[in-house]
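Undergrad: Sharing upload.tsv (TSV, C-alpha atoms) below.
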```tsv
chain	number	residue	atom	x	y	z
A	1	MET	CA	-17.29	-6.56	-31.21
A	2	ASP	CA	-17.51	-9.91	-32.96
A	3	ILE	CA	-20.43	-12.36	-32.99
A	4	ASN	CA	-19.58	-16.04	-33.26
A	5	ILE	CA	-22.52	-18.34	-33.95
A	6	VAL	CA	-22.08	-21.94	-32.81
A	7	GLY	CA	-25.13	-24.12	-33.35
A	8	PRO	CA	-28.29	-22.60	-31.88
A	9	LYS	CA	-26.34	-20.37	-29.46
A	10	VAL	CA	-24.83	-16.94	-30.04
A	11	PHE	CA	-21.59	-16.09	-28.25
A	12	TRP	CA	-20.45	-12.49	-27.96
A	13	THR	CA	-16.76	-11.77	-27.75
A	14	ILE	CA	-15.70	-8.23	-26.92
A	15	ASP	CA	-12.16	-6.95	-27.34
A	16	LEU	CA	-11.50	-4.43	-24.59
A	17	PRO	CA	-10.87	-1.58	-24.62
A	18	PHE	CA	-12.70	-0.40	-27.72
A	19	GLU	CA	-13.53	3.08	-28.98
A	20	VAL	CA	-16.96	4.58	-29.64
A	21	PRO	CA	-17.33	7.63	-31.95
A	22	ILE	CA	-19.13	10.50	-30.21
A	23	LEU	CA	-19.60	14.05	-31.57
A	24	GLY	CA	-16.74	13.78	-34.03
A	25	GLY	CA	-14.39	12.31	-31.43
A	26	LYS	CA	-13.86	8.95	-29.81
A	27	ILE	CA	-14.30	7.71	-26.25
A	28	GLU	CA	-12.56	4.59	-25.00
A	29	ILE	CA	-14.73	1.95	-23.32
A	30	ASN	CA	-12.83	-0.37	-20.98
A	31	GLU	CA	-13.71	-3.18	-18.59
A	32	THR	CA	-13.93	-0.89	-15.55
A	33	MET	CA	-16.52	1.31	-17.25
A	34	ILE	CA	-18.67	-1.62	-18.37
A	35	ILE	CA	-18.68	-3.29	-14.94
A	36	SER	CA	-19.38	0.09	-13.30
A	37	TRP	CA	-22.44	0.53	-15.53
A	38	VAL	CA	-23.58	-2.97	-14.60
A	39	VAL	CA	-23.20	-2.08	-10.91
A	40	MET	CA	-25.24	1.11	-11.37
A	41	LEU	CA	-27.95	-0.82	-13.23
A	42	ILE	CA	-28.09	-3.37	-10.40
A	43	ILE	CA	-28.42	-0.63	-7.77
A	44	THR	CA	-31.07	1.19	-9.83
A	45	GLY	CA	-33.04	-2.00	-10.36
A	46	LEU	CA	-32.84	-2.85	-6.66
A	47	CYS	CA	-34.06	0.63	-5.70
A	48	ILE	CA	-37.01	0.39	-8.09
A	49	PHE	CA	-37.87	-3.06	-6.75
A	50	LEU	CA	-37.73	-2.02	-3.08
A	51	THR	CA	-39.68	1.22	-3.51
A	52	HIS	CA	-42.39	-0.12	-5.84
A	53	ASN	CA	-45.98	0.23	-4.65
A	54	LEU	CA	-45.27	1.86	-1.28
A	55	LYS	CA	-48.04	1.94	1.32
A	56	VAL	CA	-48.73	3.76	4.57
A	57	GLU	CA	-50.37	0.79	6.30
A	58	LYS	CA	-49.87	-2.96	6.05
A	59	ILE	CA	-46.52	-2.55	4.36
A	60	SER	CA	-44.84	-5.44	2.60
A	61	LYS	CA	-41.56	-7.05	3.63
A	62	ARG	CA	-39.98	-5.37	0.61
A	63	GLN	CA	-41.04	-1.94	1.85
A	64	ALA	CA	-39.88	-2.82	5.38
A	65	VAL	CA	-36.40	-3.57	4.04
A	66	ALA	CA	-36.41	-0.28	2.11
A	67	GLU	CA	-37.41	1.70	5.21
A	68	TRP	CA	-34.76	-0.09	7.28
A	69	LEU	CA	-32.07	0.85	4.75
A	70	VAL	CA	-33.22	4.48	4.75
A	71	GLU	CA	-33.08	4.54	8.56
A	72	LEU	CA	-29.54	3.14	8.48
A	73	ALA	CA	-28.48	5.85	6.03
A	74	ASP	CA	-30.10	8.53	8.20
A	75	LYS	CA	-28.43	7.31	11.41
A	76	PHE	CA	-25.02	6.91	9.80
A	77	THR	CA	-24.97	10.32	8.11
A	78	LEU	CA	-26.61	12.38	10.85
A	79	GLY	CA	-24.69	10.53	13.56
A	80	ASN	CA	-21.35	11.45	11.98
A	81	MET	CA	-22.19	14.86	10.54
A	82	GLY	CA	-25.00	16.32	12.62
A	83	GLU	CA	-28.63	17.21	11.98
A	84	LYS	CA	-27.82	20.19	9.74
A	85	PHE	CA	-26.26	17.87	7.14
A	86	GLY	CA	-29.46	16.02	6.32
A	87	ASN	CA	-29.16	17.00	2.66
A	88	PHE	CA	-26.05	14.80	2.41
A	89	ILE	CA	-27.95	11.60	3.22
A	90	PRO	CA	-28.72	10.68	-0.44
A	91	PHE	CA	-25.10	11.31	-1.47
A	92	ILE	CA	-23.58	9.24	1.35
A	93	ALA	CA	-26.09	6.42	0.75
A	94	ALA	CA	-25.36	6.41	-2.99
A	95	LEU	CA	-21.60	6.47	-2.37
A	96	PHE	CA	-21.79	3.56	0.08
A	97	SER	CA	-24.04	1.52	-2.22
A	98	LEU	CA	-21.79	2.11	-5.22
A	99	SER	CA	-18.69	1.21	-3.22
A	100	ILE	CA	-20.02	-1.95	-1.62
A	101	PHE	CA	-21.61	-3.31	-4.82
A	102	SER	CA	-18.45	-2.54	-6.78
A	103	ASN	CA	-16.39	-4.40	-4.19
A	104	LEU	CA	-18.66	-7.45	-3.95
A	105	ILE	CA	-19.33	-7.89	-7.67
A	106	SER	CA	-16.00	-9.74	-7.83
A	107	LEU	CA	-17.89	-12.67	-6.27
A	108	LEU	CA	-19.53	-13.14	-9.67
A	109	GLY	CA	-16.15	-13.78	-11.26
A	110	VAL	CA	-15.64	-10.36	-12.84
A	111	ARG	CA	-12.98	-7.77	-12.06
A	112	SER	CA	-14.12	-5.28	-9.45
A	113	PRO	CA	-14.24	-1.65	-10.67
A	114	THR	CA	-12.60	-0.65	-7.39
A	115	ALA	CA	-9.51	-2.65	-8.41
A	116	ASP	CA	-8.92	0.24	-10.83
A	117	LEU	CA	-7.50	3.37	-9.19
A	118	ASN	CA	-9.43	5.57	-11.66
A	119	THR	CA	-12.68	4.60	-9.91
A	120	GLU	CA	-11.62	5.64	-6.42
A	121	ALA	CA	-9.86	8.72	-7.82
A	122	ALA	CA	-13.13	9.91	-9.39
A	123	TRP	CA	-14.99	9.42	-6.10
A	124	ALA	CA	-12.25	11.20	-4.16
A	125	ILE	CA	-12.30	14.17	-6.54
A	126	VAL	CA	-16.05	14.57	-6.02
A	127	VAL	CA	-15.58	14.41	-2.25
A	128	PHE	CA	-12.68	16.90	-2.45
A	129	ILE	CA	-14.87	19.37	-4.37
A	130	MET	CA	-17.58	19.04	-1.72
A	131	ILE	CA	-15.03	19.58	1.08
A	132	THR	CA	-13.69	22.67	-0.65
A	133	HIS	CA	-17.23	23.99	-1.17
A	134	GLN	CA	-17.99	23.59	2.53
A	135	LYS	CA	-14.78	25.44	3.50
A	136	ILE	CA	-15.57	28.35	1.17
A	137	LYS	CA	-19.17	28.37	2.37
A	138	ALA	CA	-18.02	28.56	6.00
A	139	GLY	CA	-15.29	31.21	5.70
A	140	GLY	CA	-15.65	32.71	2.26
A	141	ILE	CA	-13.01	32.63	-0.45
A	142	GLY	CA	-10.76	34.93	1.54
A	143	GLY	CA	-10.98	32.77	4.64
A	144	TYR	CA	-10.38	29.65	2.59
A	145	LEU	CA	-7.22	31.05	1.00
A	146	LYS	CA	-6.05	32.49	4.30
A	147	GLY	CA	-6.28	29.02	5.83
A	148	TYR	CA	-3.34	27.93	3.71
A	149	THR	CA	-1.12	30.47	5.47
A	150	GLN	CA	-1.95	29.28	8.99
A	151	PRO	CA	-0.30	29.22	11.48
A	152	ILE	CA	2.58	30.93	9.63
A	153	VAL	CA	2.93	31.91	5.98
A	154	PHE	CA	6.03	29.75	5.50
A	155	LEU	CA	3.87	26.64	5.87
A	156	THR	CA	1.72	27.52	2.85
A	157	PRO	CA	3.34	24.97	0.47
A	158	PHE	CA	2.95	22.22	3.07
A	159	ASN	CA	-0.67	23.19	3.73
A	160	ILE	CA	-1.40	22.98	-0.01
A	161	LEU	CA	0.20	19.53	-0.18
A	162	SER	CA	-1.79	18.46	2.86
A	163	GLU	CA	-5.01	19.63	1.23
A	164	PHE	CA	-4.44	17.58	-1.91
A	165	ALA	CA	-3.23	14.61	0.14
A	166	THR	CA	-6.77	14.12	1.43
A	167	PRO	CA	-8.37	12.82	-1.81
A	168	ILE	CA	-5.18	10.98	-2.80
A	169	GLY	CA	-5.08	9.19	0.55
A	170	MET	CA	-8.77	8.25	0.38
A	171	ALA	CA	-8.45	6.87	-3.15
A	172	CYS	CA	-5.22	4.94	-2.56
A	173	ARG	CA	-6.42	3.42	0.72
A	174	HIS	CA	-9.58	1.99	-0.85
A	175	PHE	CA	-7.83	0.93	-4.05
A	176	GLY	CA	-4.87	-0.68	-2.27
A	177	ASN	CA	-7.01	-2.88	-0.03
A	178	ILE	CA	-9.26	-4.09	-2.84
A	179	LEU	CA	-6.36	-4.73	-5.24
A	180	SER	CA	-4.34	-6.55	-2.60
A	181	GLY	CA	-7.28	-8.86	-1.92
A	182	LEU	CA	-7.60	-9.54	-5.66
A	183	VAL	CA	-3.87	-10.33	-5.95
A	184	ILE	CA	-3.86	-12.58	-2.88
A	185	ASN	CA	-6.91	-14.48	-4.14
A	186	SER	CA	-5.24	-14.98	-7.53
A	187	LEU	CA	-2.06	-16.30	-5.87
A	188	ILE	CA	-4.08	-18.66	-3.69
A	189	TYR	CA	-5.96	-20.06	-6.70
A	190	ALA	CA	-2.68	-20.55	-8.58
A	191	ALA	CA	-1.00	-22.21	-5.59
A	192	LEU	CA	-3.95	-24.55	-4.99
A	193	ALA	CA	-4.03	-25.48	-8.69
A	194	ALA	CA	-0.32	-26.35	-8.61
A	195	ALA	CA	-0.74	-28.31	-5.36
A	196	SER	CA	-3.73	-30.16	-6.82
A	197	ALA	CA	-1.77	-31.18	-9.93
A	198	ALA	CA	1.21	-32.33	-7.83
A	199	LEU	CA	-0.91	-34.29	-5.35
A	200	PHE	CA	-3.35	-36.02	-7.68
A	201	GLY	CA	-0.70	-36.48	-10.34
A	202	LEU	CA	0.89	-39.15	-8.14
A	203	PHE	CA	-1.93	-41.63	-8.76
A	204	LEU	CA	-4.24	-40.19	-11.44
A	205	PRO	CA	-3.80	-39.75	-15.20
A	206	GLU	CA	-2.55	-36.36	-16.33
A	207	ALA	CA	-5.84	-35.47	-18.02
A	208	ILE	CA	-7.65	-35.81	-14.68
A	209	SER	CA	-4.95	-34.57	-12.33
A	210	SER	CA	-4.75	-31.31	-14.31
A	211	ILE	CA	-8.22	-30.42	-12.99
A	212	PRO	CA	-7.71	-28.04	-10.00
A	213	PHE	CA	-9.75	-30.01	-7.46
A	214	LEU	CA	-8.35	-28.04	-4.51
A	215	ASP	CA	-9.70	-24.81	-6.00
A	216	VAL	CA	-13.20	-26.04	-5.19
A	217	GLY	CA	-14.39	-25.05	-1.74
A	218	ILE	CA	-11.16	-23.97	-0.06
A	219	PRO	CA	-11.03	-20.41	-1.53
A	220	ALA	CA	-14.64	-19.89	-0.45
A	221	PHE	CA	-13.57	-19.65	3.19
A	222	LEU	CA	-10.92	-17.06	2.33
A	223	SER	CA	-13.39	-14.99	0.31
A	224	VAL	CA	-15.37	-14.42	3.51
A	225	TYR	CA	-12.59	-12.01	4.50
A	226	PHE	CA	-11.09	-10.80	1.21
A	227	ASP	CA	-14.43	-10.29	-0.54
A	228	TRP	CA	-17.17	-9.89	2.04
A	229	PHE	CA	-15.54	-8.44	5.16
A	230	SER	CA	-12.86	-6.38	3.42
A	231	GLY	CA	-15.28	-5.13	0.74
A	232	VAL	CA	-17.89	-3.98	3.26
A	233	MET	CA	-15.24	-2.51	5.58
A	234	GLN	CA	-13.57	-0.45	2.83
A	235	ALA	CA	-16.94	0.95	1.75
A	236	PHE	CA	-17.68	1.85	5.38
A	237	ILE	CA	-14.28	3.50	5.92
A	238	PHE	CA	-14.49	5.54	2.70
A	239	CYS	CA	-17.93	6.89	3.62
A	240	MET	CA	-16.90	7.48	7.23
A	241	LEU	CA	-13.93	9.59	6.11
A	242	THR	CA	-16.19	11.45	3.68
A	243	THR	CA	-18.64	12.42	6.42
A	244	LYS	CA	-15.88	13.47	8.81
A	245	TYR	CA	-13.98	15.56	6.26
A	246	ILE	CA	-17.09	17.37	5.02
A	247	SER	CA	-18.45	18.10	8.50
A	248	SER	CA	-15.03	19.31	9.69
A	249	ALA	CA	-14.71	21.57	6.65
A	250	ALA	CA	-18.09	23.16	7.39
A	251	GLU	CA	-16.93	24.06	10.90
A	252	GLY	CA	-14.11	26.16	9.45
```
Translate this file's structure into structure tokens.
TA:
Amino acid sequence: MDINIVGPKVFWTIDLPFEVPILGGKIEINETMIISWVVMLIITGLCIFLTHNLKVEKISKRQAVAEWLVELADKFTLGNMGEKFGNFIPFIAALFSLSIFSNLISLLGVRSPTADLNTEAAWAIVVFIMITHQKIKAGGIGGYLKGYTQPIVFLTPFNILSEFATPIGMACRHFGNILSGLVINSLIYAALAAASAALFGLFLPEAISSIPFLDVGIPAFLSVYFDWFSGVMQAFIFCMLTTKYISSAAEG
């Protein structure tokens, strides 16, 4: 990391990825990890802000928002999984919050962590472990292994592939939609910049016509879908699939 001092201001320039020595080894820090930490800090700060100074009577608007969010998490989780899965409410709420904030942080001009398949793959692996745990809990290790041979033993390889297809499908679905939105937005910005230069270059000097005037305002309408709607929808779908897979696994 280099520090360039220009006048009274200090500008930090970071070459990514970079390596950090830890316990005799090195760990690589990339853009996805840094933005993911920023997202987690934002969520943590928001939780502290909303739950600060809670009261039983005469609650503040801040506490009312916090209680409303908790009620939404309760209804979503219990409505999809059942009353006996109340212990999954914090996990589903945390997963949804992490997903939606990771998707929407691209509005700040940074690359969304969910545009990196490693992010969704990590989430899917955690969900897969929880699904497997529920299956073993419901039928025991013997019942879990026996399930791969149903309905006939010759289908065992296909059942194994189907089992691992669950986390892969969840990760790729979320990643593909977010990345496609990022690519489409980039193409739109590039096309509008080229159109702006061609249009204004007919009657304005090159120094002025090179400014992408058409990039101002027009992409904002498109971001309503690609950033807001798509980002919220993908977070919803990922958590919906998580609740359905876990509850189905517990039923055996």
Undergrad: For Ile168 of chain A, find every residue with an atom within 9 Å (counting all atoms listed in the file), except residues of its own chain fewer than 3 positions away, and show them as a PyMOL selection string.
TA: chain A and resi 121+124-125+164-165+171-173
Undergrad: Neighbouring residues of Ser102 of chain A were defined as those with any atom within 7 Å, considering all atoms listed in the file; residues of the same chain fewer than 2 positions away were excluded. Please report them as a list in words.
TA: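 That gives Val39, Leu98, Ser99, Ile100, Leu104, Ile105, Ser112, Pro113 and Thr114 of chain A.
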Undergrad: Please indicate the distance in Å from atom CA of Asn80 of chain A to atom CA of Met233 of chain A, rounded to one decimal place.
TA: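 Interatomic distance, atom CA of Asn80 of chain A to atom CA of Met233 of chain A: 16.5 Å.
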Undergrad: One decimal, in Å: what's the spacing between atom CA of Val127 of chain A and atom CA of Glu83 of chain A?
TA: 19.5 Å
Undergrad: State, in Å with one decimal place, the distance from atom CA of Gln63 of chain A to atom CA of Phe49 of chain A.
TA: 9.2 Å
Undergrad: Leaving out Gly109 of chain A and any residue of its chain fewer than 2 positions from it, which residues lie within 12 Å of it when counting all atoms listed in the file, given as a ChimeraX atom specification?
TA: /A:35,103-107,111-112,182,185-186,223,227
Undergrad: My list of candidates is A:Asn30, A:Thr156, A:Thr77, A:Ser196. Which is closest to Met240 of chain A when distances are computed with only C-alpha atoms?
TA: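 Distance minimum relative to Met240 of chain A lands on A:Thr77.
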Undergrad: A:Ala250, A:Val232, A:Cys47, A:Ile178: which is nearest Val70 of chain A, counting all atoms listed in the file?
TA: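 Distance minimum relative to Val70 of chain A lands on A:Cys47.
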Undergrad: Box time for segment 98-104 of chain A: axis-aligned, enclosing all its listed atoms, 8 Å extra on each side; report centre and edge lengths in Å to one decimal, as AutoDock Vina command-line options.
TA:
```
--center_x -19.1 --center_y -2.7 --center_z -4.2 --size_x 21.4 --size_y 25.6 --size_z 21.2
```
Undergrad: Using only C-alpha atoms - which residues lie no farther than 10 Å from the point (-18.5, 4.1, -0.3) in the file's frame? Write them as a list in words.
TA: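 Every residue inside that radius is included here: Phe91, Ile92, Ala93, Ala94, Leu95, Phe96, Ser97, Leu98, Ser99, Ile100, Phe101, Ser102, Asn103, Glu120, Trp123, His174, Gly231, Val232, Met233, Gln234, Ala235, Phe236, Ile237, Phe238, Cys239, Met240, Leu241 and Thr242 of chain A.
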Undergrad: Export, as a tab-separated table (two decimals), in the coordinates of the input, the selected residues with C-alpha atoms.
TA:
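Saved file selection_29.tsv follows:
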```
chain	number	residue	atom	x	y	z
A	91	PHE	CA	-25.10	11.31	-1.47
A	92	ILE	CA	-23.58	9.24	1.35
A	93	ALA	CA	-26.09	6.42	0.75
A	94	ALA	CA	-25.36	6.41	-2.99
A	95	LEU	CA	-21.60	6.47	-2.37
A	96	PHE	CA	-21.79	3.56	0.08
A	97	SER	CA	-24.04	1.52	-2.22
A	98	LEU	CA	-21.79	2.11	-5.22
A	99	SER	CA	-18.69	1.21	-3.22
A	100	ILE	CA	-20.02	-1.95	-1.62
A	101	PHE	CA	-21.61	-3.31	-4.82
A	102	SER	CA	-18.45	-2.54	-6.78
A	103	ASN	CA	-16.39	-4.40	-4.19
A	120	GLU	CA	-11.62	5.64	-6.42
A	123	TRP	CA	-14.99	9.42	-6.10
A	174	HIS	CA	-9.58	1.99	-0.85
A	231	GLY	CA	-15.28	-5.13	0.74
A	232	VAL	CA	-17.89	-3.98	3.26
A	233	MET	CA	-15.24	-2.51	5.58
A	234	GLN	CA	-13.57	-0.45	2.83
A	235	ALA	CA	-16.94	0.95	1.75
A	236	PHE	CA	-17.68	1.85	5.38
A	237	ILE	CA	-14.28	3.50	5.92
A	238	PHE	CA	-14.49	5.54	2.70
A	239	CYS	CA	-17.93	6.89	3.62
A	240	MET	CA	-16.90	7.48	7.23
A	241	LEU	CA	-13.93	9.59	6.11
A	242	THR	CA	-16.19	11.45	3.68
```
Undergrad: Tell me, counting all atoms listed in the file, for each residue of segment 66-167 of chain A within 12 Å of segment 50-60 of chain A, which pair of atoms is nearest and how far apart they are in Å to one decimal, in rows ordered by chain and increasing number, as CSV.
TA:
```
residue,atom,partner,partner_atom,distance
A:Ala66,CA,A:Leu50,CA,5.6
A:Glu67,CA,A:Thr51,CA,9.0
A:Trp68,CA,A:Leu50,CA,10.9
A:Leu69,CA,A:Leu50,CA,10.1
A:Val70,CA,A:Thr51,CA,11.0
```
Undergrad: Write out as a list in words each polymer residue whose atoms come within 12 Å of Lys146 of chain A, counting all atoms listed in the file; drop sequence neighbours fewer than 3 positions from it.
TA: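 My reading of the contact set: Lys135, Ile136, Gly139, Gly140, Ile141, Gly142, Gly143, Thr149, Gln150, Pro151, Ile152, Val153, Leu155, Thr156, Asn159, Ile160 and Gly252 of chain A.
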Undergrad: Have a look at A:Ile29, A:Val65, A:Met170, A:Val183 and name the one nearest to Leu46 of chain A; count all atoms listed in the file.
TA: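 The closest residue to Leu46 of chain A is A:Val65.
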Undergrad: Generate N, CA and C atoms for segment 35-68 of chain A and emit them as a tab-separated table (two decimals), in the frame of the given file.
TA:
```tsv
chain	number	residue	atom	x	y	z
A	35	ILE	N	-18.27	-2.70	-16.22
A	35	ILE	CA	-18.68	-3.29	-14.94
A	35	ILE	C	-19.30	-2.22	-14.03
A	36	SER	N	-18.80	-0.99	-14.10
A	36	SER	CA	-19.38	0.09	-13.30
A	36	SER	C	-20.81	0.37	-13.73
A	37	TRP	N	-21.07	0.35	-15.04
A	37	TRP	CA	-22.44	0.53	-15.53
A	37	TRP	C	-23.34	-0.61	-15.07
A	38	VAL	N	-22.80	-1.82	-15.08
A	38	VAL	CA	-23.58	-2.97	-14.60
A	38	VAL	C	-23.93	-2.79	-13.12
A	39	VAL	N	-22.96	-2.33	-12.33
A	39	VAL	CA	-23.20	-2.08	-10.91
A	39	VAL	C	-24.29	-1.03	-10.72
A	40	MET	N	-24.24	0.05	-11.49
A	40	MET	CA	-25.24	1.11	-11.37
A	40	MET	C	-26.62	0.61	-11.80
A	41	LEU	N	-26.67	-0.24	-12.81
A	41	LEU	CA	-27.95	-0.82	-13.23
A	41	LEU	C	-28.52	-1.73	-12.15
A	42	ILE	N	-27.65	-2.50	-11.48
A	42	ILE	CA	-28.09	-3.37	-10.40
A	42	ILE	C	-28.67	-2.55	-9.25
A	43	ILE	N	-27.96	-1.48	-8.87
A	43	ILE	CA	-28.42	-0.63	-7.77
A	43	ILE	C	-29.74	0.05	-8.14
A	44	THR	N	-29.83	0.55	-9.38
A	44	THR	CA	-31.07	1.19	-9.83
A	44	THR	C	-32.23	0.22	-9.83
A	45	GLY	N	-32.00	-0.98	-10.35
A	45	GLY	CA	-33.04	-2.00	-10.36
A	45	GLY	C	-33.48	-2.39	-8.96
A	46	LEU	N	-32.52	-2.50	-8.04
A	46	LEU	CA	-32.84	-2.85	-6.66
A	46	LEU	C	-33.66	-1.75	-5.99
A	47	CYS	N	-33.31	-0.49	-6.26
A	47	CYS	CA	-34.06	0.63	-5.70
A	47	CYS	C	-35.50	0.66	-6.22
A	48	ILE	N	-35.66	0.42	-7.50
A	48	ILE	CA	-37.01	0.39	-8.09
A	48	ILE	C	-37.82	-0.75	-7.49
A	49	PHE	N	-37.18	-1.89	-7.31
A	49	PHE	CA	-37.87	-3.06	-6.75
A	49	PHE	C	-38.31	-2.81	-5.31
A	50	LEU	N	-37.42	-2.22	-4.49
A	50	LEU	CA	-37.73	-2.02	-3.08
A	50	LEU	C	-38.75	-0.92	-2.85
A	51	THR	N	-38.79	0.07	-3.72
A	51	THR	CA	-39.68	1.22	-3.51
A	51	THR	C	-40.95	1.15	-4.36
A	52	HIS	N	-41.19	0.03	-5.00
A	52	HIS	CA	-42.39	-0.12	-5.84
A	52	HIS	C	-43.62	-0.33	-4.98
A	53	ASN	N	-44.68	0.40	-5.30
A	53	ASN	CA	-45.98	0.23	-4.65
A	53	ASN	C	-45.88	0.42	-3.13
A	54	LEU	N	-45.39	1.58	-2.71
A	54	LEU	CA	-45.27	1.86	-1.28
A	54	LEU	C	-46.64	2.14	-0.67
A	55	LYS	N	-46.78	1.76	0.61
A	55	LYS	CA	-48.04	1.94	1.32
A	55	LYS	C	-47.78	2.57	2.68
A	56	VAL	N	-48.82	3.17	3.24
A	56	VAL	CA	-48.73	3.76	4.57
A	56	VAL	C	-49.04	2.71	5.63
A	57	GLU	N	-49.99	1.84	5.36
A	57	GLU	CA	-50.37	0.79	6.30
A	57	GLU	C	-50.20	-0.58	5.65
A	58	LYS	N	-50.04	-1.57	6.49
A	58	LYS	CA	-49.87	-2.96	6.05
A	58	LYS	C	-48.80	-3.05	4.96
A	59	ILE	N	-47.63	-2.57	5.32
A	59	ILE	CA	-46.52	-2.55	4.36
A	59	ILE	C	-45.99	-3.96	4.12
A	60	SER	N	-45.40	-4.14	2.96
A	60	SER	CA	-44.84	-5.44	2.60
A	60	SER	C	-43.45	-5.59	3.19
A	61	LYS	N	-42.92	-6.81	3.15
A	61	LYS	CA	-41.56	-7.05	3.63
A	61	LYS	C	-40.55	-6.27	2.78
A	62	ARG	N	-40.85	-6.13	1.50
A	62	ARG	CA	-39.98	-5.37	0.61
A	62	ARG	C	-39.89	-3.92	1.06
A	63	GLN	N	-41.03	-3.32	1.39
A	63	GLN	CA	-41.04	-1.94	1.85
A	63	GLN	C	-40.37	-1.82	3.21
A	64	ALA	N	-40.52	-2.84	4.07
A	64	ALA	CA	-39.88	-2.82	5.38
A	64	ALA	C	-38.36	-2.80	5.25
A	65	VAL	N	-37.85	-3.56	4.29
A	65	VAL	CA	-36.40	-3.57	4.04
A	65	VAL	C	-35.96	-2.19	3.54
A	66	ALA	N	-36.75	-1.59	2.64
A	66	ALA	CA	-36.41	-0.28	2.11
A	66	ALA	C	-36.38	0.77	3.23
A	67	GLU	N	-37.36	0.74	4.10
A	67	GLU	CA	-37.41	1.70	5.21
A	67	GLU	C	-36.25	1.48	6.18
A	68	TRP	N	-35.89	0.21	6.40
A	68	TRP	CA	-34.76	-0.09	7.28
A	68	TRP	C	-33.45	0.45	6.71
```
